[in-house]
>>> print(open('work_7.txt').read())   # compact mmCIF, C-alpha atoms and all ligand atoms
# COMPACT_ATOMS: atom_id res chain seq x y z
CA MET A 1 -25.78 1.19 7.00
CA TYR A 2 -23.25 0.73 4.18
CA THR A 3 -20.28 2.92 3.31
CA MET A 4 -17.79 2.45 0.52
CA GLY A 5 -14.16 3.51 0.26
CA ILE A 6 -12.38 3.59 -3.09
CA ASP A 7 -8.61 4.08 -3.35
CA ILE A 8 -7.42 4.76 -6.88
CA GLY A 9 -3.63 4.55 -6.79
CA SER A 10 -1.10 4.95 -9.57
CA THR A 11 -0.77 1.19 -9.97
CA ALA A 12 -3.86 -0.47 -8.46
CA SER A 13 -7.54 0.31 -7.75
CA LYS A 14 -8.88 -0.88 -4.40
CA SER A 15 -12.31 -0.73 -2.80
CA VAL A 16 -14.08 -1.97 0.34
CA ILE A 17 -17.65 -1.81 1.61
CA LEU A 18 -18.17 -1.50 5.36
CA LYS A 19 -21.29 -2.35 7.33
CA ASP A 20 -22.03 0.10 10.16
CA GLY A 21 -18.48 1.48 10.06
CA LYS A 22 -17.09 -1.80 11.41
CA GLU A 23 -17.31 -4.94 9.35
CA ILE A 24 -15.75 -5.32 5.89
CA ILE A 25 -18.45 -7.07 3.84
CA SER A 26 -16.66 -6.96 0.51
CA LYS A 27 -13.31 -5.95 -0.94
CA ALA A 28 -11.73 -5.91 -4.37
CA VAL A 29 -8.45 -4.99 -5.99
CA ILE A 30 -7.78 -4.51 -9.70
CA ASN A 31 -4.12 -4.29 -10.63
CA VAL A 32 -4.36 -1.14 -12.74
CA GLY A 33 -4.84 2.33 -11.36
CA ALA A 34 -5.68 5.91 -12.31
CA GLY A 35 -6.51 6.61 -15.94
CA THR A 36 -7.37 2.98 -16.77
CA SER A 37 -10.43 0.69 -16.59
CA GLY A 38 -9.38 -0.07 -12.96
CA PRO A 39 -11.72 2.36 -11.14
CA GLY A 40 -14.83 1.16 -13.05
CA ARG A 41 -13.91 -2.50 -12.68
CA VAL A 42 -13.16 -2.31 -8.96
CA ILE A 43 -16.53 -0.64 -8.28
CA GLU A 44 -18.32 -3.30 -10.34
CA GLU A 45 -16.52 -6.11 -8.49
CA VAL A 46 -16.97 -4.81 -4.94
CA THR A 47 -20.68 -4.03 -5.38
CA LYS A 48 -21.34 -7.37 -7.10
CA GLN A 49 -19.67 -9.26 -4.24
CA ALA A 50 -21.78 -7.38 -1.69
CA GLY A 51 -24.97 -7.73 -3.76
CA LEU A 52 -25.53 -3.96 -3.50
CA LYS A 53 -26.36 -1.17 -5.94
CA ARG A 54 -25.16 2.45 -5.70
CA GLU A 55 -28.48 3.54 -4.17
CA ASP A 56 -28.07 0.96 -1.36
CA ILE A 57 -24.78 2.56 -0.27
CA ASP A 58 -25.23 5.47 2.12
CA CYS A 59 -21.97 7.26 1.46
CA VAL A 60 -19.01 6.77 -0.89
CA LEU A 61 -15.63 8.42 -0.35
CA ALA A 62 -12.80 8.29 -2.88
CA THR A 63 -9.11 8.69 -2.15
CA GLY A 64 -5.76 8.19 -3.88
CA TYR A 65 -3.99 9.78 -6.79
CA GLY A 66 -6.98 9.17 -9.12
CA ARG A 67 -9.77 10.15 -6.69
CA ASN A 68 -10.95 13.04 -8.85
CA SER A 69 -11.90 10.68 -11.67
CA LEU A 70 -14.84 9.49 -9.52
CA LEU A 71 -16.67 12.78 -9.01
CA GLU A 72 -19.97 11.26 -10.22
CA TRP A 73 -19.80 8.04 -8.23
CA ALA A 74 -18.33 9.30 -4.95
CA ASP A 75 -19.96 11.74 -2.51
CA TYR A 76 -16.61 12.96 -1.16
CA GLN A 77 -12.90 12.97 -1.95
CA MET A 78 -10.10 13.00 0.60
CA SER A 79 -6.28 12.85 0.68
CA GLU A 80 -4.77 9.37 0.80
CA LEU A 81 -2.51 10.41 3.68
CA SER A 82 -5.45 10.85 6.08
CA CYS A 83 -7.15 7.71 4.75
CA HIS A 84 -4.01 5.60 5.20
CA ALA A 85 -3.61 6.78 8.80
CA LYS A 86 -7.26 6.01 9.52
CA GLY A 87 -7.19 2.61 7.82
CA ALA A 88 -3.96 1.61 9.61
CA ASN A 89 -5.66 2.46 12.93
CA TYR A 90 -8.57 0.14 12.00
CA LEU A 91 -6.13 -2.72 11.32
CA PHE A 92 -3.81 -1.92 14.27
CA PRO A 93 -5.47 0.22 16.99
CA ASN A 94 -2.09 1.03 18.62
CA VAL A 95 -0.39 2.19 15.44
CA LYS A 96 1.90 5.24 15.77
CA THR A 97 4.05 4.97 12.63
CA VAL A 98 2.94 3.86 9.16
CA ILE A 99 5.35 3.01 6.37
CA ASP A 100 3.31 2.89 3.17
CA ILE A 101 4.98 1.68 0.00
CA GLY A 102 2.76 1.90 -3.06
CA GLY A 103 3.31 1.54 -6.78
CA GLN A 104 4.97 4.89 -7.37
CA ASP A 105 5.64 6.47 -4.01
CA ALA A 106 6.59 5.76 -0.41
CA LYS A 107 5.29 7.66 2.60
CA VAL A 108 5.93 7.52 6.30
CA LEU A 109 3.14 8.79 8.55
CA LYS A 110 3.09 9.67 12.21
CA VAL A 111 -0.32 8.72 13.55
CA GLY A 112 -2.11 9.87 16.69
CA PRO A 113 -5.00 8.37 18.66
CA LYS A 114 -8.04 7.34 16.57
CA GLY A 115 -5.86 7.32 13.46
CA VAL A 116 -5.41 11.09 13.16
CA LEU A 117 -2.54 12.07 10.88
CA ILE A 118 0.08 14.13 12.76
CA ASN A 119 2.97 14.39 10.32
CA PHE A 120 4.40 12.73 7.21
CA VAL A 121 7.34 12.52 4.81
CA MET A 122 7.07 11.30 1.27
CA ASN A 123 9.16 10.20 -1.69
CA ASP A 124 7.23 10.66 -4.91
CA LYS A 125 10.12 11.96 -7.00
CA CYS A 126 12.03 8.76 -7.62
CA ALA A 127 11.10 5.13 -8.36
CA ALA A 128 13.75 3.73 -6.00
CA GLY A 129 12.10 2.52 -2.80
CA THR A 130 8.69 2.04 -4.45
CA GLY A 131 6.70 -0.82 -5.95
CA ARG A 132 7.85 0.31 -9.38
CA PHE A 133 11.46 -0.50 -8.43
CA LEU A 134 10.42 -4.04 -7.46
CA ASP A 135 8.23 -4.43 -10.58
CA VAL A 136 11.18 -3.42 -12.82
CA MET A 137 13.58 -5.80 -11.04
CA ALA A 138 11.11 -8.71 -11.13
CA LYS A 139 10.81 -8.24 -14.88
CA VAL A 140 14.60 -8.28 -15.40
CA LEU A 141 14.84 -11.40 -13.21
CA GLU A 142 11.92 -13.01 -15.08
CA VAL A 143 9.99 -13.78 -11.90
CA LYS A 144 6.54 -12.73 -10.67
CA VAL A 145 6.35 -9.93 -8.08
CA SER A 146 4.22 -12.27 -5.97
CA ASP A 147 7.09 -14.83 -5.92
CA LEU A 148 9.76 -12.40 -4.65
CA GLN A 149 9.10 -13.22 -0.98
CA THR A 150 9.46 -17.00 -1.36
CA LEU A 151 12.57 -16.68 -3.50
CA SER A 152 14.32 -14.22 -1.17
CA ALA A 153 13.62 -16.51 1.80
CA GLU A 154 15.82 -19.12 0.12
CA SER A 155 18.79 -16.76 -0.23
CA THR A 156 22.04 -17.94 1.37
CA LYS A 157 24.50 -15.15 0.45
CA ASP A 158 24.54 -11.38 0.89
CA VAL A 159 24.47 -9.49 -2.40
CA SER A 160 24.41 -5.73 -2.21
CA ILE A 161 22.60 -3.61 -4.78
CA SER A 162 24.30 -0.30 -4.20
CA SER A 163 22.82 2.00 -6.88
CA THR A 164 19.99 4.11 -5.55
CA CYS A 165 18.82 4.96 -9.08
CA THR A 166 16.38 2.41 -10.56
CA VAL A 167 18.00 2.53 -14.01
CA PHE A 168 21.52 1.96 -12.62
CA ALA A 169 20.26 -0.67 -10.17
CA GLU A 170 18.69 -2.51 -13.13
CA SER A 171 22.12 -2.56 -14.84
CA GLU A 172 23.66 -3.80 -11.60
CA VAL A 173 21.16 -6.66 -11.46
CA ILE A 174 21.85 -7.55 -15.09
CA SER A 175 25.58 -7.63 -14.43
CA GLN A 176 25.06 -9.82 -11.33
CA LEU A 177 23.01 -12.23 -13.46
CA ALA A 178 25.77 -12.24 -16.11
CA LYS A 179 28.28 -13.17 -13.36
CA GLY A 180 26.07 -16.13 -12.46
CA THR A 181 24.90 -14.79 -9.07
CA ASP A 182 21.90 -16.70 -7.71
CA LYS A 183 18.64 -14.87 -8.40
CA ARG A 184 17.45 -15.51 -4.84
CA ASP A 185 20.45 -13.67 -3.40
CA ILE A 186 19.94 -10.78 -5.81
CA ILE A 187 16.28 -10.55 -4.76
CA ARG A 188 17.18 -10.33 -1.08
CA GLY A 189 19.68 -7.59 -2.00
CA ILE A 190 16.86 -5.75 -3.83
CA HIS A 191 14.62 -6.02 -0.75
CA ARG A 192 17.42 -4.64 1.43
CA SER A 193 17.88 -1.76 -1.00
CA VAL A 194 14.16 -0.81 -0.74
CA ALA A 195 14.27 -1.15 3.06
CA GLY A 196 17.40 1.02 3.27
CA ARG A 197 15.88 3.74 1.14
CA VAL A 198 12.46 3.88 2.82
CA GLY A 199 13.92 3.12 6.27
CA GLY A 200 15.99 6.32 5.94
CA LEU A 201 12.76 8.25 5.28
CA ALA A 202 11.14 6.59 8.31
CA LYS A 203 13.98 7.60 10.62
CA ARG A 204 13.32 11.24 9.67
CA VAL A 205 9.75 11.01 11.00
CA GLY A 206 10.78 9.05 14.10
CA LEU A 207 9.90 5.46 14.86
CA GLU A 208 7.32 4.79 17.49
CA ASP A 209 5.59 1.43 18.09
CA ASP A 210 3.33 0.07 16.75
CA LEU A 211 5.20 0.36 13.50
CA VAL A 212 3.03 -0.83 10.63
CA MET A 213 3.72 -1.37 6.93
CA THR A 214 0.86 -0.73 4.50
CA GLY A 215 0.41 -0.62 0.71
CA GLY A 216 0.76 -3.33 -1.90
CA VAL A 217 4.51 -3.79 -1.40
CA ALA A 218 3.91 -5.01 2.17
CA LEU A 219 2.32 -8.13 0.61
CA ASN A 220 5.95 -9.05 -0.02
CA GLY A 221 7.07 -10.40 3.37
CA GLY A 222 10.68 -10.20 2.15
CA VAL A 223 10.49 -6.38 2.16
CA VAL A 224 8.76 -6.39 5.57
CA LEU A 225 11.54 -8.60 6.98
CA ALA A 226 14.27 -6.44 5.43
CA MET A 227 12.58 -3.33 6.89
CA SER A 228 12.46 -4.89 10.34
CA GLU A 229 16.20 -5.73 10.07
CA GLU A 230 17.02 -2.25 8.77
CA LEU A 231 15.18 -0.48 11.60
CA GLY A 232 15.94 -3.03 14.33
CA LYS A 233 12.27 -3.08 15.27
CA GLU A 234 9.20 -5.24 14.91
CA VAL A 235 7.27 -4.26 11.79
CA LYS A 236 3.62 -5.34 11.70
CA THR A 237 1.51 -5.86 8.62
CA SER A 238 -1.85 -7.33 7.70
CA PRO A 239 -3.09 -9.47 4.80
CA LEU A 240 -5.40 -6.47 4.15
CA THR A 241 -2.38 -4.16 3.72
CA GLN A 242 -3.28 -3.10 0.16
CA TYR A 243 -6.78 -2.07 1.30
CA THR A 244 -5.59 0.30 4.05
CA GLY A 245 -6.43 3.51 2.15
CA ALA A 246 -9.81 2.15 0.98
CA ILE A 247 -10.70 1.07 4.54
CA GLY A 248 -9.81 4.55 5.83
CA ALA A 249 -11.96 6.09 3.09
CA ALA A 250 -14.96 3.91 4.05
CA LEU A 251 -14.48 4.88 7.72
CA PHE A 252 -14.41 8.59 6.85
CA ALA A 253 -17.56 8.05 4.75
CA TYR A 254 -19.19 6.58 7.88
CA GLN A 255 -18.09 9.60 9.96
CA LYS A 256 -19.61 11.96 7.36
CA ILE A 257 -23.00 10.26 7.80
CA GLN A 258 -22.73 10.32 11.61
CA ARG A 259 -21.98 14.06 11.54
CA SER A 260 -24.83 14.88 9.17
CA GLU A 261 -27.43 13.01 11.26
P1 LIG B 1 -0.81 2.38 -5.46
O1 LIG B 1 -1.79 2.70 -4.35
O2 LIG B 1 0.29 3.38 -5.59
O3 LIG B 1 -1.49 2.09 -6.75
P2 LIG B 1 -0.43 -0.17 -4.07
O4 LIG B 1 -0.32 0.21 -2.65
O5 LIG B 1 -1.70 -0.79 -4.53
O6 LIG B 1 -0.04 1.06 -5.01
O7 LIG B 1 0.80 -1.14 -4.40
C1 LIG B 1 1.12 -1.54 -5.72
C2 LIG B 1 2.41 -2.33 -5.66
O8 LIG B 1 2.21 -3.48 -4.85
C3 LIG B 1 2.89 -2.87 -7.00
O9 LIG B 1 3.84 -2.00 -7.57
C4 LIG B 1 3.50 -4.23 -6.67
O10 LIG B 1 4.92 -4.12 -6.64
C5 LIG B 1 3.04 -4.53 -5.26
N1 LIG B 1 2.26 -5.77 -5.18
C6 LIG B 1 0.97 -5.97 -5.55
N2 LIG B 1 0.59 -7.24 -5.33
C7 LIG B 1 1.67 -7.88 -4.79
C8 LIG B 1 1.92 -9.21 -4.32
N3 LIG B 1 0.97 -10.17 -4.37
N4 LIG B 1 3.13 -9.48 -3.83
C9 LIG B 1 4.08 -8.54 -3.76
N5 LIG B 1 3.92 -7.27 -4.17
C10 LIG B 1 2.72 -6.93 -4.68
>>> encode(input="work_7.txt", output="structure tokens")
Amino acid sequence: MYTMGIDIGSTASKSVILKDGKEIISKAVINVGAGTSGPGRVIEEVTKQAGLKREDIDCVLATGYGRNSLLEWADYQMSELSCHAKGANYLFPNVKTVIDIGGQDAKVLKVGPKGVLINFVMNDKCAAGTGRFLDVMAKVLEVKVSDLQTLSAESTKDVSISSTCTVFAESEVISQLAKGTDKRDIIRGIHRSVAGRVGGLAKRVGLEDDLVMTGGVALNGGVVLAMSEELGKEVKTSPLTQYTGAIGAALFAYQKIQRSE
């Protein structure tokens, strides 16, 4: 039996296909999200990889900010909060707290047994503490977002980025560059700024182990490390971090079939 989860975020489109609610047989990410060609392209890619057509897939569930753009393709839609909690439980069965940093928002979820969502807090009003903040800073620093981790690991001095507003923080970075500050130190300062902002949100929900980071930003180990230092706790993550919502969606699709049988 095959189920498919599709997570259309603000910044990236992700999809996975699960076999019998357990094994991921294909996965794809396209780095553009809602309102773009991303949803169509991610579906094409994930089905091609699996060698399946729509009629071979028993149930499709869409989640994320752009989930309502897939009313024809998907059988069901569901909130990304529930899907993230469920997907995090698949990756880490003992998860209790999820810190999800996506392209345009950051959420902290309290998760119960079997990945049930208990409570959450969210920042979707401000770019600071989101992937967008890092994307803007990477552009100013003329580096790739995927290189931020390696560069920050080479930092030798503490540089503090104190502005919480993205626009002011961008000016701060520009002035640090003008002073000749090493880019690698600035990048570590940027990671600490994101960790401070989202860590504050996490403390409001309460921090219980396992503490797991999900979302595309967790691909940057520099942010994960800064978060662990900020919270004084181990922070786990998975190479599949960006697929967490899509995995949860495919698991809920599987549950829908089980219930209807
Ligand atoms: P959304 O669901 O809101 O569209 P995602 O959870 O997919 O967002 O995360 C998108 C963010 O992930 C981007 O803003 C980018 O900063 C970050 N990102 C994506 N790929 C990488 C990578 N290889 N290394 C570091 N950060 C990444």
>>> axis_aligned_box(input="work_7.txt", around="segment 218-222 of chain A", padding_each_side="4 Å", output="lines of an AutoDock Vina configuration file")
center_x = 6.5
center_y = -7.7
center_z = 1.7
size_x = 16.4
size_y = 13.4
size_z = 11.4
>>> closest_residue(input="work_7.txt", among="A:Ala127, A:Ala62, A:Ile174, A:Leu211", to="Val111 of chain A", atoms="all atoms listed in the file")
A:Leu211
>>> closest_residue(input="work_7.txt", among="A:Ser260, A:Gln255, A:Thr63, A:Ser160", to="ligand LIG 1 (chain B)", atoms="all atoms listed in the file")
A:Thr63
>>> closest_residue(input="work_7.txt", among="A:Ala106, A:Ala202, A:Ala253, A:Leu141", to="Lys125 of chain A", atoms="only C-alpha atoms")
A:Ala106
>>> residues_around(input="work_7.txt", residues="Lys14 of chain A", least_positions_apart="3", cutoff="7 Å", atoms="only C-alpha atoms", output="PDB file with C-alpha atoms, keeping the file's coordinate frame")
ATOM      1  CA  ILE A   6     -12.380   3.590  -3.090  1.00  0.00           C
ATOM      2  CA  ASP A   7      -8.610   4.080  -3.350  1.00  0.00           C
ATOM      3  CA  ILE A   8      -7.420   4.760  -6.880  1.00  0.00           C
ATOM      4  CA  ALA A  28     -11.730  -5.910  -4.370  1.00  0.00           C
ATOM      5  CA  VAL A  29      -8.450  -4.990  -5.990  1.00  0.00           C
ATOM      6  CA  ILE A  30      -7.780  -4.510  -9.700  1.00  0.00           C
ATOM      7  CA  VAL A  42     -13.160  -2.310  -8.960  1.00  0.00           C
ATOM      8  CA  TYR A 243      -6.780  -2.070   1.300  1.00  0.00           C
ATOM      9  CA  ALA A 246      -9.810   2.150   0.980  1.00  0.00           C
TER      10      ALA A 246
END
>>> atom_distance(input="work_7.txt", atom1="atom CA of Ser152 of chain A", atom2="atom N1 of ligand LIG 1 (chain B)")
15.3 Å
>>> atom_distance(input="work_7.txt", atom1="atom CA of Thr214 of chain A", atom2="atom CA of Tyr254 of chain A")
21.6 Å
>>> residues_around(input="work_7.txt", residues="segment 228-236 of chain A", least_positions_apart="2", cutoff="12 Å", atoms="only C-alpha atoms", output="PDB file with C-alpha atoms, in the coordinates of the input")
ATOM      1  CA  ALA A  88      -3.960   1.610   9.610  1.00  0.00           C
ATOM      2  CA  LEU A  91      -6.130  -2.720  11.320  1.00  0.00           C
ATOM      3  CA  PHE A  92      -3.810  -1.920  14.270  1.00  0.00           C
ATOM      4  CA  PRO A  93      -5.470   0.220  16.990  1.00  0.00           C
ATOM      5  CA  ASN A  94      -2.090   1.030  18.620  1.00  0.00           C
ATOM      6  CA  VAL A  95      -0.390   2.190  15.440  1.00  0.00           C
ATOM      7  CA  LYS A  96       1.900   5.240  15.770  1.00  0.00           C
ATOM      8  CA  THR A  97       4.050   4.970  12.630  1.00  0.00           C
ATOM      9  CA  VAL A  98       2.940   3.860   9.160  1.00  0.00           C
ATOM     10  CA  ILE A  99       5.350   3.010   6.370  1.00  0.00           C
ATOM     11  CA  ASP A 100       3.310   2.890   3.170  1.00  0.00           C
ATOM     12  CA  HIS A 191      14.620  -6.020  -0.750  1.00  0.00           C
ATOM     13  CA  ARG A 192      17.420  -4.640   1.430  1.00  0.00           C
ATOM     14  CA  SER A 193      17.880  -1.760  -1.000  1.00  0.00           C
ATOM     15  CA  VAL A 194      14.160  -0.810  -0.740  1.00  0.00           C
ATOM     16  CA  ALA A 195      14.270  -1.150   3.060  1.00  0.00           C
ATOM     17  CA  GLY A 196      17.400   1.020   3.270  1.00  0.00           C
ATOM     18  CA  ARG A 197      15.880   3.740   1.140  1.00  0.00           C
ATOM     19  CA  VAL A 198      12.460   3.880   2.820  1.00  0.00           C
ATOM     20  CA  GLY A 199      13.920   3.120   6.270  1.00  0.00           C
ATOM     21  CA  GLY A 200      15.990   6.320   5.940  1.00  0.00           C
ATOM     22  CA  LEU A 201      12.760   8.250   5.280  1.00  0.00           C
ATOM     23  CA  ALA A 202      11.140   6.590   8.310  1.00  0.00           C
ATOM     24  CA  LYS A 203      13.980   7.600  10.620  1.00  0.00           C
ATOM     25  CA  GLY A 206      10.780   9.050  14.100  1.00  0.00           C
ATOM     26  CA  LEU A 207       9.900   5.460  14.860  1.00  0.00           C
ATOM     27  CA  GLU A 208       7.320   4.790  17.490  1.00  0.00           C
ATOM     28  CA  ASP A 209       5.590   1.430  18.090  1.00  0.00           C
ATOM     29  CA  ASP A 210       3.330   0.070  16.750  1.00  0.00           C
ATOM     30  CA  LEU A 211       5.200   0.360  13.500  1.00  0.00           C
ATOM     31  CA  VAL A 212       3.030  -0.830  10.630  1.00  0.00           C
ATOM     32  CA  MET A 213       3.720  -1.370   6.930  1.00  0.00           C
ATOM     33  CA  THR A 214       0.860  -0.730   4.500  1.00  0.00           C
ATOM     34  CA  ALA A 218       3.910  -5.010   2.170  1.00  0.00           C
ATOM     35  CA  LEU A 219       2.320  -8.130   0.610  1.00  0.00           C
ATOM     36  CA  GLY A 221       7.070 -10.400   3.370  1.00  0.00           C
ATOM     37  CA  GLY A 222      10.680 -10.200   2.150  1.00  0.00           C
ATOM     38  CA  VAL A 223      10.490  -6.380   2.160  1.00  0.00           C
ATOM     39  CA  VAL A 224       8.760  -6.390   5.570  1.00  0.00           C
ATOM     40  CA  LEU A 225      11.540  -8.600   6.980  1.00  0.00           C
ATOM     41  CA  ALA A 226      14.270  -6.440   5.430  1.00  0.00           C
ATOM     42  CA  SER A 238      -1.850  -7.330   7.700  1.00  0.00           C
ATOM     43  CA  PRO A 239      -3.090  -9.470   4.800  1.00  0.00           C
ATOM     44  CA  LEU A 240      -5.400  -6.470   4.150  1.00  0.00           C
ATOM     45  CA  THR A 241      -2.380  -4.160   3.720  1.00  0.00           C
TER      46      THR A 241
END
>>> closest_atom_pairs(input="work_7.txt", of="chain A", to="ligand LIG 1 (chain B)", cutoff="10 Å", atoms="all atoms listed in the file", output="Markdown table")
| residue | atom | partner | partner_atom | distance |
| --- | --- | --- | --- | --- |
| A:Asp7 | CA | B:LIG1 | O1 | 7.0 |
| A:Ile8 | CA | B:LIG1 | O3 | 6.5 |
| A:Gly9 | CA | B:LIG1 | O3 | 3.3 |
| A:Ser10 | CA | B:LIG1 | O3 | 4.0 |
| A:Thr11 | CA | B:LIG1 | O3 | 3.4 |
| A:Ala12 | CA | B:LIG1 | O3 | 3.9 |
| A:Ser13 | CA | B:LIG1 | O3 | 6.4 |
| A:Lys14 | CA | B:LIG1 | O5 | 7.2 |
| A:Val29 | CA | B:LIG1 | O5 | 8.1 |
| A:Ile30 | CA | B:LIG1 | O5 | 8.8 |
| A:Asn31 | CA | B:LIG1 | C6 | 7.4 |
| A:Val32 | CA | B:LIG1 | O3 | 7.4 |
| A:Gly33 | CA | B:LIG1 | O3 | 5.7 |
| A:Ala34 | CA | B:LIG1 | O3 | 7.9 |
| A:Thr63 | CA | B:LIG1 | O1 | 9.7 |
| A:Gly64 | CA | B:LIG1 | O1 | 6.8 |
| A:Tyr65 | CA | B:LIG1 | O2 | 7.8 |
| A:Gly66 | CA | B:LIG1 | O3 | 9.3 |
| A:Glu80 | CA | B:LIG1 | O1 | 8.9 |
| A:Asp100 | CA | B:LIG1 | O4 | 7.4 |
| A:Ile101 | CA | B:LIG1 | O4 | 6.1 |
| A:Gly102 | CA | B:LIG1 | O6 | 3.5 |
| A:Gly103 | CA | B:LIG1 | O9 | 3.7 |
| A:Gln104 | CA | B:LIG1 | O2 | 5.2 |
| A:Asp105 | CA | B:LIG1 | O2 | 6.4 |
| A:Ala106 | CA | B:LIG1 | O2 | 8.5 |
| A:Thr130 | CA | B:LIG1 | O9 | 7.0 |
| A:Gly131 | CA | B:LIG1 | O9 | 3.5 |
| A:Arg132 | CA | B:LIG1 | O9 | 5.0 |
| A:Phe133 | CA | B:LIG1 | O10 | 7.7 |
| A:Leu134 | CA | B:LIG1 | O10 | 5.6 |
| A:Asp135 | CA | B:LIG1 | O10 | 5.2 |
| A:Val136 | CA | B:LIG1 | O10 | 8.8 |
| A:Met137 | CA | B:LIG1 | O10 | 9.9 |
| A:Ala138 | CA | B:LIG1 | O10 | 8.9 |
| A:Lys144 | CA | B:LIG1 | N4 | 8.3 |
| A:Val145 | CA | B:LIG1 | C9 | 5.1 |
| A:Ser146 | CA | B:LIG1 | N4 | 3.7 |
| A:Asp147 | CA | B:LIG1 | N4 | 7.0 |
| A:Leu148 | CA | B:LIG1 | C9 | 6.9 |
| A:Gln149 | CA | B:LIG1 | C9 | 7.4 |
| A:Thr214 | CA | B:LIG1 | O4 | 7.3 |
| A:Gly215 | CA | B:LIG1 | O4 | 3.5 |
| A:Gly216 | CA | B:LIG1 | O8 | 3.3 |
| A:Val217 | CA | B:LIG1 | O8 | 4.2 |
| A:Ala218 | CA | B:LIG1 | N5 | 6.7 |
| A:Leu219 | CA | B:LIG1 | N4 | 4.7 |
| A:Asn220 | CA | B:LIG1 | C9 | 4.2 |
| A:Gly221 | CA | B:LIG1 | C9 | 8.0 |
| A:Gly222 | CA | B:LIG1 | C9 | 9.0 |
| A:Val223 | CA | B:LIG1 | C9 | 9.0 |
| A:Thr241 | CA | B:LIG1 | O4 | 8.0 |
| A:Gln242 | CA | B:LIG1 | O4 | 5.3 |
| A:Tyr243 | CA | B:LIG1 | O5 | 7.8 |
| A:Thr244 | CA | B:LIG1 | O4 | 8.5 |
| A:Gly245 | CA | B:LIG1 | O1 | 8.0 |
| A:Ala246 | CA | B:LIG1 | O1 | 9.6 |
